[in-house]
$ cat upload_10.txt   # compact mmCIF, C-alpha atoms
# COMPACT_ATOMS: atom_id res chain seq x y z
CA GLU A 1 0.00 0.00 0.00
CA ALA A 2 1.34 3.42 -0.97
CA GLN A 3 1.81 5.44 2.16
CA VAL A 4 3.79 7.86 4.28
CA THR A 5 4.57 6.57 7.75
CA GLN A 6 5.68 8.53 10.80
CA ASN A 7 7.01 7.37 14.13
CA PRO A 8 6.25 7.83 16.88
CA ARG A 9 2.62 8.85 16.60
CA TYR A 10 2.59 10.33 20.10
CA LEU A 11 5.50 11.61 22.16
CA ILE A 12 5.77 13.38 25.47
CA THR A 13 9.24 14.62 26.33
CA VAL A 14 11.04 17.17 28.48
CA THR A 15 12.76 20.39 27.52
CA GLY A 16 16.24 19.88 26.09
CA LYS A 17 16.08 16.16 25.44
CA LYS A 18 17.01 15.52 21.82
CA LEU A 19 14.47 13.62 19.76
CA THR A 20 13.95 12.40 16.23
CA VAL A 21 10.68 11.87 14.42
CA THR A 22 11.06 9.49 11.51
CA CYS A 23 9.26 9.75 8.19
CA SER A 24 9.33 7.18 5.44
CA GLN A 25 7.53 6.88 2.10
CA ASN A 26 7.29 3.87 -0.20
CA MET A 27 6.24 5.69 -3.38
CA ASN A 28 9.72 6.64 -4.68
CA HIS A 29 8.81 10.31 -4.31
CA GLU A 30 11.47 12.94 -4.90
CA TYR A 31 9.94 15.68 -2.76
CA MET A 32 9.41 15.41 1.00
CA SER A 33 8.40 17.99 3.55
CA TRP A 34 7.69 18.58 7.24
CA TYR A 35 4.86 20.72 8.60
CA ARG A 36 3.61 21.66 12.01
CA GLN A 37 -0.04 22.37 12.68
CA ASP A 38 -1.20 24.60 15.50
CA PRO A 39 -4.75 25.81 16.31
CA GLY A 40 -5.55 29.03 14.49
CA LEU A 41 -2.24 29.01 12.60
CA GLY A 42 -2.86 26.16 10.22
CA LEU A 43 -0.13 24.10 8.60
CA ARG A 44 3.26 25.75 8.45
CA GLN A 45 6.16 24.32 6.53
CA ILE A 46 9.32 23.60 8.52
CA TYR A 47 11.71 22.13 5.96
CA TYR A 48 11.44 20.49 2.59
CA SER A 49 13.65 18.39 0.35
CA MET A 50 13.61 18.31 -3.43
CA ASN A 51 15.76 15.16 -3.57
CA VAL A 52 18.49 13.23 -1.77
CA GLU A 53 20.98 15.57 -0.06
CA VAL A 54 18.91 18.63 -1.10
CA THR A 55 17.05 20.37 1.72
CA ASP A 56 15.72 23.89 2.21
CA LYS A 57 14.04 25.93 4.90
CA GLY A 58 10.32 26.49 4.99
CA ASP A 59 8.57 29.21 6.95
CA VAL A 60 9.39 28.05 10.50
CA PRO A 61 12.75 26.21 10.50
CA GLU A 62 14.14 27.54 13.80
CA GLY A 63 14.86 24.78 16.32
CA TYR A 64 14.64 21.97 13.77
CA LYS A 65 17.05 19.98 11.64
CA VAL A 66 16.47 17.55 8.81
CA SER A 67 18.51 15.22 6.65
CA ARG A 68 17.84 13.37 3.40
CA LYS A 69 20.41 10.64 2.99
CA GLU A 70 18.04 8.22 1.30
CA LYS A 71 15.14 8.94 -1.01
CA ARG A 72 12.56 7.22 1.16
CA ASN A 73 13.46 8.74 4.56
CA PHE A 74 13.29 12.30 5.86
CA PRO A 75 13.76 12.46 9.65
CA LEU A 76 12.96 15.57 11.67
CA ILE A 77 15.39 16.30 14.49
CA LEU A 78 14.79 18.51 17.50
CA GLU A 79 18.21 18.98 19.09
CA SER A 80 16.92 20.79 22.19
CA PRO A 81 13.11 20.76 22.27
CA SER A 82 11.27 23.58 23.97
CA PRO A 83 7.62 23.88 25.04
CA ASN A 84 6.82 26.12 22.04
CA GLN A 85 7.54 23.13 19.82
CA THR A 86 4.55 21.32 21.26
CA SER A 87 2.48 20.71 18.16
CA LEU A 88 1.06 18.23 15.66
CA TYR A 89 3.66 17.37 13.04
CA PHE A 90 3.02 16.04 9.55
CA CYS A 91 5.40 14.63 7.00
CA ALA A 92 4.41 14.73 3.33
CA SER A 93 5.82 13.56 0.02
CA SER A 94 5.21 14.33 -3.63
CA LEU A 95 6.15 12.57 -6.85
CA SER A 96 7.40 15.28 -9.13
CA VAL A 97 9.14 18.59 -9.25
CA GLY A 98 9.42 21.23 -11.94
CA GLN A 99 7.10 22.33 -14.72
CA GLY A 100 4.12 20.12 -15.34
CA ALA A 101 4.45 18.36 -12.03
CA SER A 102 1.33 17.24 -10.20
CA TYR A 103 2.49 18.68 -6.84
CA GLU A 104 -0.08 16.48 -5.09
CA GLN A 105 1.22 15.87 -1.59
CA TYR A 106 0.62 12.68 0.38
CA PHE A 107 0.56 13.24 4.11
CA GLY A 108 1.49 10.93 6.94
CA PRO A 109 -0.83 10.29 9.90
CA GLY A 110 0.81 12.90 12.12
CA THR A 111 2.94 12.92 15.27
CA ARG A 112 1.57 14.65 18.33
CA LEU A 113 4.49 16.04 20.33
CA THR A 114 4.27 17.50 23.81
CA VAL A 115 7.32 19.16 25.35
CA THR A 116 7.07 19.87 29.08
CA SER B 1 4.86 38.92 3.23
CA GLN B 2 2.91 36.20 1.48
CA LYS B 3 -0.44 35.61 3.02
CA ILE B 4 -3.21 33.12 2.28
CA GLU B 5 -6.49 33.40 4.12
CA GLN B 6 -9.55 31.28 4.54
CA ASN B 7 -12.71 32.04 6.45
CA SER B 8 -12.04 30.76 9.94
CA GLU B 9 -15.73 30.55 10.79
CA ALA B 10 -17.35 27.18 10.26
CA LEU B 11 -19.72 26.84 7.34
CA ASN B 12 -22.99 25.05 8.10
CA ILE B 13 -25.22 23.96 5.23
CA GLN B 14 -28.05 21.56 4.58
CA GLU B 15 -27.55 18.28 2.82
CA GLY B 16 -28.04 18.59 -0.93
CA LYS B 17 -26.99 22.24 -1.10
CA THR B 18 -23.80 23.56 -2.66
CA ALA B 19 -21.01 24.49 -0.27
CA THR B 20 -18.71 27.31 -1.36
CA LEU B 21 -15.42 27.94 0.44
CA THR B 22 -13.15 30.91 -0.20
CA CYS B 23 -9.39 31.27 -0.30
CA ASN B 24 -7.76 34.70 -0.71
CA TYR B 25 -4.09 35.46 -1.18
CA THR B 26 -2.17 38.74 -0.92
CA ASN B 27 1.27 40.12 -1.79
CA TYR B 28 2.22 37.42 -4.28
CA SER B 29 1.09 35.47 -7.32
CA PRO B 30 1.13 31.72 -6.78
CA ALA B 31 1.75 29.43 -9.71
CA TYR B 32 -0.93 27.06 -8.45
CA LEU B 33 -3.43 26.51 -5.69
CA GLN B 34 -4.32 23.21 -4.07
CA TRP B 35 -7.27 22.13 -1.98
CA TYR B 36 -7.06 19.44 0.70
CA ARG B 37 -9.54 17.79 3.01
CA GLN B 38 -8.60 17.10 6.63
CA ASP B 39 -10.58 15.00 9.07
CA PRO B 40 -9.98 15.31 12.85
CA GLY B 41 -6.72 13.65 13.91
CA ARG B 42 -5.77 12.74 10.35
CA GLY B 43 -3.38 14.08 7.76
CA PRO B 44 -4.70 16.24 4.90
CA VAL B 45 -5.82 14.48 1.75
CA PHE B 46 -5.28 16.08 -1.66
CA LEU B 47 -8.43 16.96 -3.63
CA LEU B 48 -7.67 19.31 -6.52
CA LEU B 49 -4.95 21.48 -8.02
CA ILE B 50 -5.53 24.49 -10.26
CA ARG B 51 -2.77 26.39 -12.05
CA GLU B 52 -2.60 30.14 -12.58
CA ASN B 53 -3.48 29.83 -16.28
CA GLU B 54 -6.60 27.77 -15.54
CA LYS B 55 -9.94 29.34 -14.68
CA GLU B 56 -11.77 26.26 -13.45
CA LYS B 57 -11.18 22.62 -12.59
CA ARG B 58 -13.73 19.90 -11.84
CA LYS B 59 -13.64 16.48 -10.25
CA GLU B 60 -16.90 14.66 -9.67
CA ARG B 61 -18.92 16.92 -7.27
CA LEU B 62 -15.99 19.25 -6.69
CA LYS B 63 -15.21 22.43 -8.58
CA VAL B 64 -12.44 24.95 -7.99
CA THR B 65 -11.90 28.33 -9.62
CA PHE B 66 -8.86 30.58 -9.74
CA ASP B 67 -9.32 34.33 -10.25
CA THR B 68 -5.94 36.04 -10.51
CA THR B 69 -7.57 39.46 -10.72
CA LEU B 70 -9.45 39.05 -7.45
CA LYS B 71 -6.57 36.98 -6.01
CA GLN B 72 -9.07 34.38 -4.97
CA SER B 73 -9.97 30.74 -5.32
CA LEU B 74 -13.42 29.33 -4.72
CA PHE B 75 -14.01 25.67 -3.84
CA HIS B 76 -17.48 24.25 -4.45
CA ILE B 77 -19.02 20.96 -3.35
CA THR B 78 -22.31 20.33 -5.10
CA ALA B 79 -25.04 18.07 -3.73
CA SER B 80 -23.28 18.09 -0.37
CA GLN B 81 -23.56 15.11 1.97
CA PRO B 82 -22.95 14.72 5.71
CA ALA B 83 -19.84 12.69 4.77
CA ASP B 84 -18.40 15.89 3.27
CA SER B 85 -18.14 17.38 6.76
CA ALA B 86 -14.47 18.12 7.37
CA THR B 87 -11.96 20.95 7.38
CA TYR B 88 -10.86 22.10 3.92
CA LEU B 89 -7.43 23.61 3.43
CA CYS B 90 -6.23 25.85 0.65
CA ALA B 91 -2.51 25.87 -0.22
CA SER B 92 -0.48 27.93 -2.64
CA GLY B 93 2.82 27.14 -4.27
CA ASP B 94 5.28 28.13 -6.94
CA THR B 95 7.16 25.93 -9.38
CA GLY B 96 10.55 27.15 -8.28
CA ARG B 97 10.94 27.16 -4.54
CA ARG B 98 8.34 24.44 -3.90
CA ALA B 99 7.52 25.70 -0.43
CA LEU B 100 3.79 25.37 0.13
CA THR B 101 1.84 27.97 2.08
CA PHE B 102 -1.37 26.75 3.70
CA GLY B 103 -4.40 28.65 4.86
CA SER B 104 -5.74 27.86 8.32
CA GLY B 105 -8.71 25.98 6.87
CA THR B 106 -12.50 26.25 6.92
CA ARG B 107 -14.60 23.70 8.76
CA LEU B 108 -17.62 22.53 6.80
CA GLN B 109 -20.57 20.93 8.56
CA VAL B 110 -23.28 19.39 6.39
CA GLN B 111 -26.53 18.83 8.27
CA PRO B 112 -28.73 15.86 7.27
$ encode --input "upload_10.txt" --output "structure tokens"
Amino acid sequence: EAQVTQNPRYLITVTGKKLTVTCSQNMNHEYMSWYRQDPGLGLRQIYYSMNVEVTDKGDVPEGYKVSRKEKRNFPLILESPSPNQTSLYFCASSLSVGQGASYEQYFGPGTRLTVT
Amino acid sequence: SQKIEQNSEALNIQEGKTATLTCNYTNYSPAYLQWYRQDPGRGPVFLLLIRENEKEKRKERLKVTFDTTLKQSLFHITASQPADSATYLCASGDTGRRALTFGSGTRLQVQP
């Protein structure tokens, strides 16, 4: 089944304790992205990747890191989480880039993170 | 700065009527707009994409328009059903940078 998976789905952690949220897609998509969703603010893009070893900042990259060493995986790293990073996080992937691309994004199920 | 806005108030309509949701953008010209559906606790699901050179796109009971003069997109669901109740998100993008900007979404409630 074509899908985007995220782990963990729920995480409660403490301030300053490094964590990684994994994202994996099995559709051979070139483009992958991370978003956070907060009430009243909607989905905001954190980082995106156009292909392996190519990443770029979205609108809210501060406090986050990403890497794209393999096409299928795009982990989100919080080196020193803070309470303002408590949010619902979504990973997404898309098949094509460039002119004529479909740009349709497939989203994962979400990871609910609480930082105390 | 780029801004994309959707009506934050919930839209309540009767089953069988046409639901119309609005998406407005300011300070930029997106190459395309996308519409997604999101159910509580789930990730968004892609519905339709419309490019800047297209006026209208249809898919089954869904229709989306793109007015570059008004800087607005309208999303219509005809013959609405209670199963259409969800939050609908508008997103804008460009072909170069590929960063997507989402609106905060409009919640649609279809009453039986």
$ closest_residue --input "upload_10.txt" --among "A:Thr111, A:Ser49, A:Gln3, A:Thr86" --to "Lys69 (chain A)" --atoms "all atoms listed in the file"
A:Ser49
$ closest_residue --input "upload_10.txt" --among "A:Tyr48, A:Arg68, A:Leu113, A:Asp59" --to "Lys3 (chain B)" --atoms "all atoms listed in the file"
A:Asp59
$ atom_distance --input "upload_10.txt" --atom1 "CA of Asp39 (chain B)" --atom2 "CA of Leu89 (chain B)"
10.8 Å
$ interface_residues --input "upload_10.txt" --of "chain B" --to "chain A" --cutoff "9 Å" --atoms "all atoms listed in the file" --output "PDB file with C-alpha atoms, keeping the file's coordinate frame"
ATOM      1  CA  SER B   8     -12.040  30.760   9.940  1.00  0.00           C
ATOM      2  CA  GLN B  34      -4.320  23.210  -4.070  1.00  0.00           C
ATOM      3  CA  GLY B  41      -6.720  13.650  13.910  1.00  0.00           C
ATOM      4  CA  ARG B  42      -5.770  12.740  10.350  1.00  0.00           C
ATOM      5  CA  GLY B  43      -3.380  14.080   7.760  1.00  0.00           C
ATOM      6  CA  PRO B  44      -4.700  16.240   4.900  1.00  0.00           C
ATOM      7  CA  VAL B  45      -5.820  14.480   1.750  1.00  0.00           C
ATOM      8  CA  PHE B  46      -5.280  16.080  -1.660  1.00  0.00           C
ATOM      9  CA  LEU B  47      -8.430  16.960  -3.630  1.00  0.00           C
ATOM     10  CA  LEU B  48      -7.670  19.310  -6.520  1.00  0.00           C
ATOM     11  CA  LEU B  49      -4.950  21.480  -8.020  1.00  0.00           C
ATOM     12  CA  LEU B  89      -7.430  23.610   3.430  1.00  0.00           C
ATOM     13  CA  GLY B  93       2.820  27.140  -4.270  1.00  0.00           C
ATOM     14  CA  THR B  95       7.160  25.930  -9.380  1.00  0.00           C
ATOM     15  CA  GLY B  96      10.550  27.150  -8.280  1.00  0.00           C
ATOM     16  CA  ARG B  97      10.940  27.160  -4.540  1.00  0.00           C
ATOM     17  CA  ARG B  98       8.340  24.440  -3.900  1.00  0.00           C
ATOM     18  CA  ALA B  99       7.520  25.700  -0.430  1.00  0.00           C
ATOM     19  CA  LEU B 100       3.790  25.370   0.130  1.00  0.00           C
ATOM     20  CA  THR B 101       1.840  27.970   2.080  1.00  0.00           C
ATOM     21  CA  PHE B 102      -1.370  26.750   3.700  1.00  0.00           C
ATOM     22  CA  GLY B 103      -4.400  28.650   4.860  1.00  0.00           C
ATOM     23  CA  SER B 104      -5.740  27.860   8.320  1.00  0.00           C
ATOM     24  CA  GLY B 105      -8.710  25.980   6.870  1.00  0.00           C
TER      25      GLY B 105
END
$ atom_distance --input "upload_10.txt" --atom1 "CA of Val66 (chain A)" --atom2 "CA of Ser24 (chain A)"
13.0 Å
$ residues_around --input "upload_10.txt" --residues "Asn53 (chain B)" --least-positions-apart "4" --cutoff "12 Å" --atoms "all atoms listed in the file" --output "ChimeraX atom specification"
/B:29-33,49,57,65-69
$ write_last_selection --input "upload_10.txt" --atoms "C-alpha atoms" --output "compact mmCIF listing (two decimals), in the coordinates of the input"
# COMPACT_ATOMS: atom_id res chain seq x y z
CA SER B 29 1.09 35.47 -7.32
CA PRO B 30 1.13 31.72 -6.78
CA ALA B 31 1.75 29.43 -9.71
CA TYR B 32 -0.93 27.06 -8.45
CA LEU B 33 -3.43 26.51 -5.69
CA LEU B 49 -4.95 21.48 -8.02
CA LYS B 57 -11.18 22.62 -12.59
CA THR B 65 -11.90 28.33 -9.62
CA PHE B 66 -8.86 30.58 -9.74
CA ASP B 67 -9.32 34.33 -10.25
CA THR B 68 -5.94 36.04 -10.51
CA THR B 69 -7.57 39.46 -10.72
$ residues_near_point --input "upload_10.txt" --point "(16.9, 22.9, 21.3)" --cutoff "10 Å" --atoms "all atoms listed in the file" --output "ChimeraX atom specification"
/A:15-19,62-64,77-82,85
$ closest_residue --input "upload_10.txt" --among "B:Glu54, B:Thr26, B:Cys90, B:Pro40" --to "Leu74 (chain B)" --atoms "only C-alpha atoms"
B:Cys90
$ atom_distance --input "upload_10.txt" --atom1 "CA of Ala91 (chain B)" --atom2 "CA of Glu60 (chain B)"
20.5 Å
$ residues_around --input "upload_10.txt" --residues "Gln72 (chain B)" --least-positions-apart "2" --cutoff "6 Å" --atoms "all atoms listed in the file" --output "MDAnalysis selection string"
chainID B and resid 23:24 67 70
$ write_last_selection --input "upload_10.txt" --atoms "C-alpha atoms" --output "mmCIF file, in the coordinates of the input"
data_model
loop_
_atom_site.group_PDB
_atom_site.id
_atom_site.type_symbol
_atom_site.label_atom_id
_atom_site.label_comp_id
_atom_site.auth_asym_id
_atom_site.auth_seq_id
_atom_site.Cartn_x
_atom_site.Cartn_y
_atom_site.Cartn_z
ATOM 1 C CA CYS B 23 -9.390 31.270 -0.300
ATOM 2 C CA ASN B 24 -7.760 34.700 -0.710
ATOM 3 C CA ASP B 67 -9.320 34.330 -10.250
ATOM 4 C CA LEU B 70 -9.450 39.050 -7.450
#
$ residues_around --input "upload_10.txt" --residues "Ala79 (chain B)" --least-positions-apart "6" --cutoff "10 Å" --atoms "only C-alpha atoms" --output "list in words"
Gln14, Glu15, Gly16, Lys17, Thr18, Ala19, Arg61 and Leu62 of chain B
$ axis_aligned_box --input "upload_10.txt" --around "region 49-67 of chain B" --padding-each-side "6 Å" --output "lines of an AutoDock Vina configuration file"
center_x = -10.8
center_y = 24.5
center_z = -11.5
size_x = 28.3
size_y = 31.7
size_z = 21.6
$ closest_residue --input "upload_10.txt" --among "B:Leu21, B:Ile4, B:Ile13, B:Val64" --to "Tyr88 (chain B)" --atoms "only C-alpha atoms"
B:Leu21
$ closest_residue --input "upload_10.txt" --among "B:Thr78, B:Arg58, B:Ser1, B:Arg107" --to "Thr22 (chain B)" --atoms "all atoms listed in the file"
B:Arg107
